[in-house]
>>> print(open('model_27.txt').read())   # compact mmCIF, C-alpha atoms
# COMPACT_ATOMS: atom_id res chain seq x y z
CA MET A 1268 -38.41 10.21 -26.76
CA LYS A 1269 -37.19 6.61 -26.36
CA LYS A 1270 -33.64 7.75 -27.13
CA LEU A 1271 -33.89 10.47 -24.46
CA ILE A 1272 -35.13 7.94 -21.86
CA ALA A 1273 -32.38 5.47 -22.81
CA PHE A 1274 -29.75 8.23 -22.52
CA ALA A 1275 -31.09 9.32 -19.11
CA LEU A 1276 -31.08 5.72 -17.84
CA ALA A 1277 -27.55 5.16 -19.13
CA ALA A 1278 -26.35 8.37 -17.48
CA GLY A 1279 -28.06 7.36 -14.23
CA PHE A 1280 -26.39 3.94 -14.28
CA SER A 1281 -23.06 5.59 -15.04
CA LEU A 1282 -23.42 7.94 -12.06
CA ALA A 1283 -24.50 5.09 -9.79
CA ALA A 1284 -21.50 3.03 -10.85
CA SER A 1285 -19.10 5.88 -10.14
CA ALA A 1286 -20.59 6.30 -6.66
CA ALA A 1287 -19.82 2.70 -5.70
CA PRO A 1288 -17.11 1.99 -3.15
CA GLU A 1289 -13.64 1.68 -4.62
CA THR A 1290 -10.97 -0.60 -3.14
CA TYR A 1291 -7.28 0.30 -3.11
CA ASN A 1292 -4.36 -1.92 -2.04
CA ILE A 1293 -1.66 -0.18 -0.03
CA ASP A 1294 1.60 -0.11 -1.99
CA PRO A 1295 4.25 -1.31 0.47
CA THR A 1296 7.05 0.20 -1.62
CA HIS A 1297 5.62 3.72 -1.27
CA SER A 1298 4.06 3.52 2.19
CA PHE A 1299 5.51 3.57 5.65
CA SER A 1300 4.58 4.09 9.24
CA ARG A 1301 6.70 6.02 11.72
CA PHE A 1302 6.74 6.85 15.42
CA GLU A 1303 8.25 9.77 17.31
CA TYR A 1304 8.95 10.25 21.00
CA SER A 1305 11.00 12.40 23.36
CA HIS A 1306 14.33 10.91 24.40
CA PHE A 1307 15.04 12.25 27.92
CA GLY A 1308 13.95 15.67 26.67
CA TYR A 1309 17.14 15.94 24.61
CA SER A 1310 15.66 15.23 21.21
CA THR A 1311 12.70 13.80 19.36
CA GLN A 1312 13.59 10.37 18.03
CA VAL A 1313 11.96 9.44 14.72
CA ASN A 1314 11.86 5.77 13.69
CA LYS A 1315 9.89 3.80 11.15
CA PHE A 1316 8.60 0.41 10.12
CA ASN A 1317 9.67 -0.94 6.74
CA SER A 1318 6.56 -3.10 6.23
CA THR A 1319 3.09 -1.54 6.03
CA VAL A 1320 0.31 -3.29 4.07
CA GLY A 1321 -3.46 -3.14 3.88
CA LYS A 1322 -6.55 -1.91 2.04
CA ILE A 1323 -8.53 1.29 1.75
CA GLN A 1324 -12.13 1.32 0.60
CA ILE A 1325 -13.80 4.63 -0.14
CA ASP A 1326 -17.09 5.83 -1.51
CA ARG A 1327 -16.49 9.53 -2.07
CA ALA A 1328 -20.08 10.23 -3.14
CA ALA A 1329 -21.51 8.64 0.03
CA LYS A 1330 -18.62 10.03 2.12
CA THR A 1331 -17.89 6.65 3.69
CA GLY A 1332 -14.93 4.34 3.75
CA SER A 1333 -12.77 1.93 5.64
CA VAL A 1334 -9.11 1.23 6.09
CA GLU A 1335 -7.23 -1.76 7.44
CA VAL A 1336 -3.48 -1.47 7.97
CA THR A 1337 -1.07 -4.13 9.20
CA ILE A 1338 2.45 -3.26 10.31
CA ASP A 1339 5.14 -5.86 10.90
CA PRO A 1340 6.88 -4.90 14.18
CA LYS A 1341 9.92 -6.96 13.12
CA SER A 1342 10.43 -4.37 10.38
CA VAL A 1343 11.17 -1.60 12.91
CA ASN A 1344 14.04 0.53 11.63
CA THR A 1345 15.89 2.86 13.98
CA GLY A 1346 19.04 2.83 11.89
CA TYR A 1347 20.76 0.69 14.55
CA ASP A 1348 20.39 -3.12 14.51
CA THR A 1349 20.92 -3.58 18.26
CA PHE A 1350 18.20 -1.05 19.09
CA ASN A 1351 15.87 -2.63 16.50
CA GLY A 1352 16.27 -5.93 18.39
CA HIS A 1353 15.64 -4.21 21.73
CA LEU A 1354 12.39 -2.66 20.46
CA GLN A 1355 11.25 -6.06 19.18
CA GLY A 1356 11.68 -7.54 22.68
CA PRO A 1357 9.07 -8.01 25.46
CA ASP A 1358 9.55 -4.49 26.90
CA PHE A 1359 8.24 -2.86 23.74
CA PHE A 1360 6.67 -4.61 20.70
CA ASP A 1361 7.26 -8.26 21.76
CA SER A 1362 7.21 -9.11 18.07
CA ALA A 1363 7.82 -12.85 18.63
CA LYS A 1364 4.53 -13.10 20.56
CA TYR A 1365 2.64 -10.33 18.70
CA PRO A 1366 3.68 -10.42 15.02
CA ALA A 1367 1.36 -7.63 13.86
CA ILE A 1368 0.32 -4.10 14.76
CA THR A 1369 -3.09 -3.33 13.24
CA TYR A 1370 -5.34 -0.36 12.66
CA LYS A 1371 -8.98 -0.88 11.62
CA SER A 1372 -11.25 2.06 10.96
CA THR A 1373 -14.78 2.44 12.25
CA LYS A 1374 -15.67 5.72 10.50
CA PHE A 1375 -14.35 8.19 7.91
CA ASN A 1376 -15.06 11.84 8.79
CA PHE A 1377 -15.52 14.42 6.04
CA VAL A 1378 -15.86 18.19 6.01
CA GLY A 1379 -17.54 18.86 2.70
CA ASP A 1380 -15.72 16.64 0.22
CA LYS A 1381 -12.50 16.60 2.24
CA LEU A 1382 -11.53 13.56 4.37
CA VAL A 1383 -10.28 15.11 7.63
CA SER A 1384 -10.02 12.20 10.07
CA VAL A 1385 -10.57 8.50 10.57
CA ASP A 1386 -11.90 6.88 13.75
CA GLY A 1387 -10.67 3.39 14.44
CA SER A 1388 -8.97 0.87 16.68
CA LEU A 1389 -5.23 0.38 17.07
CA THR A 1390 -3.92 -2.95 18.37
CA ILE A 1391 -0.39 -3.25 19.75
CA LYS A 1392 0.74 -6.26 21.84
CA GLY A 1393 -2.82 -7.61 21.90
CA VAL A 1394 -4.18 -4.38 23.44
CA THR A 1395 -6.81 -2.54 21.39
CA LYS A 1396 -7.61 1.14 21.96
CA PRO A 1397 -9.66 3.70 20.01
CA VAL A 1398 -7.42 6.03 18.00
CA LYS A 1399 -8.45 8.93 15.77
CA LEU A 1400 -6.14 9.63 12.83
CA GLU A 1401 -5.97 13.26 11.75
CA VAL A 1402 -5.71 13.28 7.95
CA THR A 1403 -3.47 16.10 6.69
CA SER A 1404 -3.82 15.14 3.04
CA PHE A 1405 -5.86 12.71 0.96
CA HIS A 1406 -5.75 12.79 -2.82
CA CYS A 1407 -6.85 10.37 -5.56
CA MET A 1408 -6.02 10.57 -9.25
CA PRO A 1409 -4.81 8.41 -12.14
CA HIS A 1410 -1.28 7.15 -11.47
CA PRO A 1411 0.89 8.53 -14.31
CA MET A 1412 3.11 5.44 -14.57
CA LEU A 1413 0.79 2.57 -13.63
CA LYS A 1414 -2.18 3.88 -15.64
CA LYS A 1415 -4.50 2.97 -12.76
CA ASP A 1416 -6.28 5.11 -10.21
CA ALA A 1417 -4.32 5.67 -7.01
CA CYS A 1418 -4.82 7.45 -3.69
CA GLY A 1419 -2.31 8.91 -1.28
CA ALA A 1420 -2.73 10.00 2.32
CA ASN A 1421 -0.82 11.40 5.26
CA ALA A 1422 -2.24 10.96 8.73
CA SER A 1423 -1.10 11.12 12.34
CA ALA A 1424 -2.24 10.41 15.89
CA LYS A 1425 -0.90 10.59 19.42
CA ILE A 1426 -0.97 7.57 21.72
CA VAL A 1427 0.30 6.75 25.20
CA ARG A 1428 2.58 3.74 24.77
CA SER A 1429 2.22 2.50 28.36
CA GLU A 1430 -1.49 1.93 27.64
CA PHE A 1431 -0.37 -0.71 25.13
CA GLY A 1432 2.00 -2.48 27.54
CA ALA A 1433 5.09 -0.79 26.09
CA GLY A 1434 5.91 1.76 28.81
CA LYS A 1435 9.49 0.78 29.68
CA TYR A 1436 11.59 3.80 30.78
CA ALA A 1437 8.60 6.17 30.87
CA PRO A 1438 8.44 9.03 31.70
CA HIS A 1439 12.14 9.64 30.94
CA VAL A 1440 11.68 8.24 27.48
CA GLY A 1441 8.43 9.86 26.36
CA ASP A 1442 5.25 7.95 27.07
CA GLU A 1443 3.40 10.03 24.47
CA VAL A 1444 4.19 8.81 20.99
CA THR A 1445 3.22 10.46 17.71
CA LEU A 1446 2.33 7.96 15.00
CA GLY A 1447 2.61 9.00 11.37
CA PHE A 1448 1.41 7.24 8.24
CA SER A 1449 2.40 8.05 4.66
CA ILE A 1450 0.31 5.82 2.42
CA GLU A 1451 -0.03 5.28 -1.31
CA ALA A 1452 -2.59 2.78 -2.58
CA ILE A 1453 -3.43 1.43 -6.03
CA LYS A 1454 -7.00 0.66 -7.16
CA GLU A 1455 -7.82 -3.03 -7.54
>>> encode(input="model_27.txt", output="structure tokens")
Amino acid sequence: MKKLIAFALAAGFSLAASAAPETYNIDPTHSFSRFEYSHFGYSTQVNKFNSTVGKIQIDRAAKTGSVEVTIDPKSVNTGYDTFNGHLQGPDFFDSAKYPAITYKSTKFNFVGDKLVSVDGSLTIKGVTKPVKLEVTSFHCMPHPMLKKDACGANASAKIVRSEFGAGKYAPHVGDEVTLGFSIEAIKE
């Protein structure tokens, strides 16, 4: 009987330990943030940032979590150096005065066991607005090369850039911007 009780307690502790929040560091070499907007109605321009860092914490059993992401606006990459410099100026990101774009979650939203969206706050140029990220995929598993647990996610949201003090040339250059995040994170 004592062995049965000891086994049950050990199993209970094992389950409790696996239900604890897990922390993952965003891998900047396999993560990036992008933004898309209409250019005079001719085309949809797609650009990205080369520096995205942060942390994800998730408790899948409790269906809770948090994410903090920091993007360096000086890492904007349009494929054209002159335009990169223009976007870093006061009309858009003003990266000399505001060296970080941040997203901090307030709530993870699940349907069953599936993470479907994240509520949070986006800060650009010192202006903070609520932004809901729609999660199109979220998957965790052992990383085959690193031999550690890892998670990956894709998420997107639409914002109005003029609400963040970056509305130059709107409405001709689209004021609505689609943000996209492709994230991979490695367990601490």
>>> residues_around(input="model_27.txt", residues="A:Arg1301", least_positions_apart="5", cutoff="9 Å", atoms="all atoms listed in the file", output="mmCIF file with C-alpha atoms, in the coordinates of the input")
data_model
loop_
_atom_site.group_PDB
_atom_site.id
_atom_site.type_symbol
_atom_site.label_atom_id
_atom_site.label_comp_id
_atom_site.auth_asym_id
_atom_site.auth_seq_id
_atom_site.Cartn_x
_atom_site.Cartn_y
_atom_site.Cartn_z
ATOM 1 C CA VAL A 1313 11.960 9.440 14.720
ATOM 2 C CA ASN A 1314 11.860 5.770 13.690
ATOM 3 C CA LYS A 1315 9.890 3.800 11.150
ATOM 4 C CA PHE A 1316 8.600 0.410 10.120
ATOM 5 C CA VAL A 1343 11.170 -1.600 12.910
ATOM 6 C CA THR A 1445 3.220 10.460 17.710
ATOM 7 C CA LEU A 1446 2.330 7.960 15.000
ATOM 8 C CA GLY A 1447 2.610 9.000 11.370
ATOM 9 C CA PHE A 1448 1.410 7.240 8.240
ATOM 10 C CA SER A 1449 2.400 8.050 4.660
#
>>> axis_aligned_box(input="model_27.txt", around="stretch 1420-1439 of chain A", padding_each_side="4 Å", output="JSON")
{"center_x": 4.7, "center_y": 4.5, "center_z": 17.0, "size_x": 22.9, "size_y": 21.9, "size_z": 37.4}
>>> residues_around(input="model_27.txt", residues="A:Ile1391", least_positions_apart="6", cutoff="8 Å", atoms="only C-alpha atoms", output="list in words")
Phe1360, Tyr1365, Ala1367, Ile1368, Thr1369 and Phe1431 of chain A
>>> atom_distance(input="model_27.txt", atom1="atom CA of A:Leu1413", atom2="atom CA of A:Pro1295")
15.0 Å
>>> residues_around(input="model_27.txt", residues="A:Val1336", least_positions_apart="5", cutoff="6 Å", atoms="only C-alpha atoms", output="list in words")
Val1320, Gly1321, Thr1369 and Tyr1370 of chain A
>>> closest_residue(input="model_27.txt", among="A:His1297, A:Ser1305, A:Gly1393, A:Lys1381", to="A:Val1444", atoms="all atoms listed in the file")
A:Ser1305
>>> closest_residue(input="model_27.txt", among="A:Cys1418, A:Leu1382, A:Ala1424, A:Val1402", to="A:Thr1290", atoms="all atoms listed in the file")
A:Cys1418
>>> atom_distance(input="model_27.txt", atom1="atom CA of A:Thr1319", atom2="atom CA of A:Ile1338")
4.7 Å
>>> closest_residue(input="model_27.txt", among="A:Ala1329, A:Ala1433, A:Ala1417, A:Leu1354", to="A:Ile1293", atoms="all atoms listed in the file")
A:Ala1417
>>> residues_near_point(input="model_27.txt", point="(-7.0, -0.3, 21.7)", cutoff="12 Å", atoms="only C-alpha atoms", output="JSON, numbers by chain")
{"A": [1368, 1369, 1370, 1371, 1372, 1386, 1387, 1388, 1389, 1390, 1391, 1392, 1393, 1394, 1395, 1396, 1397, 1398, 1399, 1426, 1427, 1428, 1429, 1430, 1431, 1432]}
>>> atom_distance(input="model_27.txt", atom1="atom CA of A:Pro1409", atom2="atom CA of A:Thr1337")
25.0 Å
>>> closest_residue(input="model_27.txt", among="A:Ile1325, A:Ala1437, A:Leu1400, A:Met1408", to="A:Asp1358", atoms="all atoms listed in the file")
A:Ala1437
>>> build_atoms(input="model_27.txt", residues="stretch 1435-1446 of chain A", atoms="all heavy atoms", output="PDB file, in the coordinates of the input")
ATOM      1  N   LYS A1435       8.135   0.840  29.091  1.00  0.00           N
ATOM      2  CA  LYS A1435       9.490   0.780  29.680  1.00  0.00           C
ATOM      3  C   LYS A1435      10.177   2.140  29.566  1.00  0.00           C
ATOM      4  O   LYS A1435      10.121   2.787  28.530  1.00  0.00           O
ATOM      5  CB  LYS A1435      10.300  -0.295  28.951  1.00  0.00           C
ATOM      6  CG  LYS A1435      11.685  -0.532  29.489  1.00  0.00           C
ATOM      7  CD  LYS A1435      11.652  -1.480  30.644  1.00  0.00           C
ATOM      8  CE  LYS A1435      13.070  -1.859  31.039  1.00  0.00           C
ATOM      9  NZ  LYS A1435      13.091  -2.886  32.032  1.00  0.00           N
ATOM     10  N   TYR A1436      10.805   2.564  30.650  1.00  0.00           N
ATOM     11  CA  TYR A1436      11.590   3.800  30.780  1.00  0.00           C
ATOM     12  C   TYR A1436      10.751   5.079  30.784  1.00  0.00           C
ATOM     13  O   TYR A1436      11.309   6.166  30.806  1.00  0.00           O
ATOM     14  CB  TYR A1436      12.694   3.909  29.718  1.00  0.00           C
ATOM     15  CG  TYR A1436      13.607   2.728  29.679  1.00  0.00           C
ATOM     16  CD1 TYR A1436      13.752   1.984  28.515  1.00  0.00           C
ATOM     17  CD2 TYR A1436      14.323   2.326  30.802  1.00  0.00           C
ATOM     18  CE1 TYR A1436      14.585   0.883  28.470  1.00  0.00           C
ATOM     19  CE2 TYR A1436      15.163   1.210  30.758  1.00  0.00           C
ATOM     20  CZ  TYR A1436      15.283   0.499  29.589  1.00  0.00           C
ATOM     21  OH  TYR A1436      16.112  -0.593  29.546  1.00  0.00           O
ATOM     22  N   ALA A1437       9.429   4.968  30.756  1.00  0.00           N
ATOM     23  CA  ALA A1437       8.600   6.170  30.870  1.00  0.00           C
ATOM     24  C   ALA A1437       8.673   6.654  32.321  1.00  0.00           C
ATOM     25  O   ALA A1437       8.770   5.836  33.230  1.00  0.00           O
ATOM     26  CB  ALA A1437       7.158   5.861  30.480  1.00  0.00           C
ATOM     27  N   PRO A1438       8.665   7.903  32.597  1.00  0.00           N
ATOM     28  CA  PRO A1438       8.440   9.030  31.700  1.00  0.00           C
ATOM     29  C   PRO A1438       9.713   9.597  31.080  1.00  0.00           C
ATOM     30  O   PRO A1438       9.640  10.525  30.288  1.00  0.00           O
ATOM     31  CB  PRO A1438       7.777  10.066  32.604  1.00  0.00           C
ATOM     32  CG  PRO A1438       8.468   9.874  33.915  1.00  0.00           C
ATOM     33  CD  PRO A1438       8.700   8.374  34.007  1.00  0.00           C
ATOM     34  N   HIS A1439      10.888   9.068  31.460  1.00  0.00           N
ATOM     35  CA  HIS A1439      12.140   9.640  30.940  1.00  0.00           C
ATOM     36  C   HIS A1439      12.210   9.544  29.424  1.00  0.00           C
ATOM     37  O   HIS A1439      12.598  10.499  28.753  1.00  0.00           O
ATOM     38  CB  HIS A1439      13.352   8.979  31.599  1.00  0.00           C
ATOM     39  CG  HIS A1439      13.296   9.060  33.095  1.00  0.00           C
ATOM     40  ND1 HIS A1439      13.308  10.253  33.772  1.00  0.00           N
ATOM     41  CD2 HIS A1439      13.167   8.090  34.033  1.00  0.00           C
ATOM     42  CE1 HIS A1439      13.222  10.030  35.065  1.00  0.00           C
ATOM     43  NE2 HIS A1439      13.128   8.716  35.250  1.00  0.00           N
ATOM     44  N   VAL A1440      11.884   8.382  28.916  1.00  0.00           N
ATOM     45  CA  VAL A1440      11.680   8.240  27.480  1.00  0.00           C
ATOM     46  C   VAL A1440      10.184   8.444  27.287  1.00  0.00           C
ATOM     47  O   VAL A1440       9.374   7.763  27.927  1.00  0.00           O
ATOM     48  CB  VAL A1440      12.139   6.862  26.959  1.00  0.00           C
ATOM     49  CG1 VAL A1440      11.809   6.708  25.492  1.00  0.00           C
ATOM     50  CG2 VAL A1440      13.629   6.665  27.210  1.00  0.00           C
ATOM     51  N   GLY A1441       9.816   9.399  26.462  1.00  0.00           N
ATOM     52  CA  GLY A1441       8.430   9.860  26.360  1.00  0.00           C
ATOM     53  C   GLY A1441       7.388   8.768  26.275  1.00  0.00           C
ATOM     54  O   GLY A1441       7.517   7.849  25.461  1.00  0.00           O
ATOM     55  N   ASP A1442       6.369   8.883  27.113  1.00  0.00           N
ATOM     56  CA  ASP A1442       5.250   7.950  27.070  1.00  0.00           C
ATOM     57  C   ASP A1442       4.288   8.309  25.947  1.00  0.00           C
ATOM     58  O   ASP A1442       3.629   7.454  25.386  1.00  0.00           O
ATOM     59  CB  ASP A1442       4.529   7.961  28.423  1.00  0.00           C
ATOM     60  CG  ASP A1442       3.716   6.705  28.684  1.00  0.00           C
ATOM     61  OD1 ASP A1442       3.919   5.687  27.985  1.00  0.00           O
ATOM     62  OD2 ASP A1442       2.865   6.738  29.594  1.00  0.00           O
ATOM     63  N   GLU A1443       4.220   9.600  25.596  1.00  0.00           N
ATOM     64  CA  GLU A1443       3.400  10.030  24.470  1.00  0.00           C
ATOM     65  C   GLU A1443       4.181   9.824  23.183  1.00  0.00           C
ATOM     66  O   GLU A1443       5.317  10.267  23.062  1.00  0.00           O
ATOM     67  CB  GLU A1443       2.995  11.495  24.602  1.00  0.00           C
ATOM     68  CG  GLU A1443       2.066  11.929  23.488  1.00  0.00           C
ATOM     69  CD  GLU A1443       1.605  13.362  23.632  1.00  0.00           C
ATOM     70  OE1 GLU A1443       2.337  14.247  23.157  1.00  0.00           O
ATOM     71  OE2 GLU A1443       0.531  13.586  24.207  1.00  0.00           O
ATOM     72  N   VAL A1444       3.550   9.134  22.262  1.00  0.00           N
ATOM     73  CA  VAL A1444       4.190   8.810  20.990  1.00  0.00           C
ATOM     74  C   VAL A1444       3.312   9.361  19.869  1.00  0.00           C
ATOM     75  O   VAL A1444       2.087   9.194  19.890  1.00  0.00           O
ATOM     76  CB  VAL A1444       4.360   7.282  20.824  1.00  0.00           C
ATOM     77  CG1 VAL A1444       4.906   6.928  19.456  1.00  0.00           C
ATOM     78  CG2 VAL A1444       5.251   6.731  21.927  1.00  0.00           C
ATOM     79  N   THR A1445       3.939  10.009  18.901  1.00  0.00           N
ATOM     80  CA  THR A1445       3.220  10.460  17.710  1.00  0.00           C
ATOM     81  C   THR A1445       3.413   9.417  16.620  1.00  0.00           C
ATOM     82  O   THR A1445       4.546   9.069  16.276  1.00  0.00           O
ATOM     83  CB  THR A1445       3.749  11.821  17.224  1.00  0.00           C
ATOM     84  OG1 THR A1445       3.561  12.785  18.276  1.00  0.00           O
ATOM     85  CG2 THR A1445       3.003  12.282  15.980  1.00  0.00           C
ATOM     86  N   LEU A1446       2.313   8.907  16.113  1.00  0.00           N
ATOM     87  CA  LEU A1446       2.330   7.960  15.000  1.00  0.00           C
ATOM     88  C   LEU A1446       2.105   8.738  13.716  1.00  0.00           C
ATOM     89  O   LEU A1446       1.274   9.644  13.675  1.00  0.00           O
ATOM     90  CB  LEU A1446       1.223   6.916  15.153  1.00  0.00           C
ATOM     91  CG  LEU A1446       1.185   6.133  16.456  1.00  0.00           C
ATOM     92  CD1 LEU A1446      -0.029   5.215  16.469  1.00  0.00           C
ATOM     93  CD2 LEU A1446       2.466   5.344  16.630  1.00  0.00           C
TER      94      LEU A1446
END
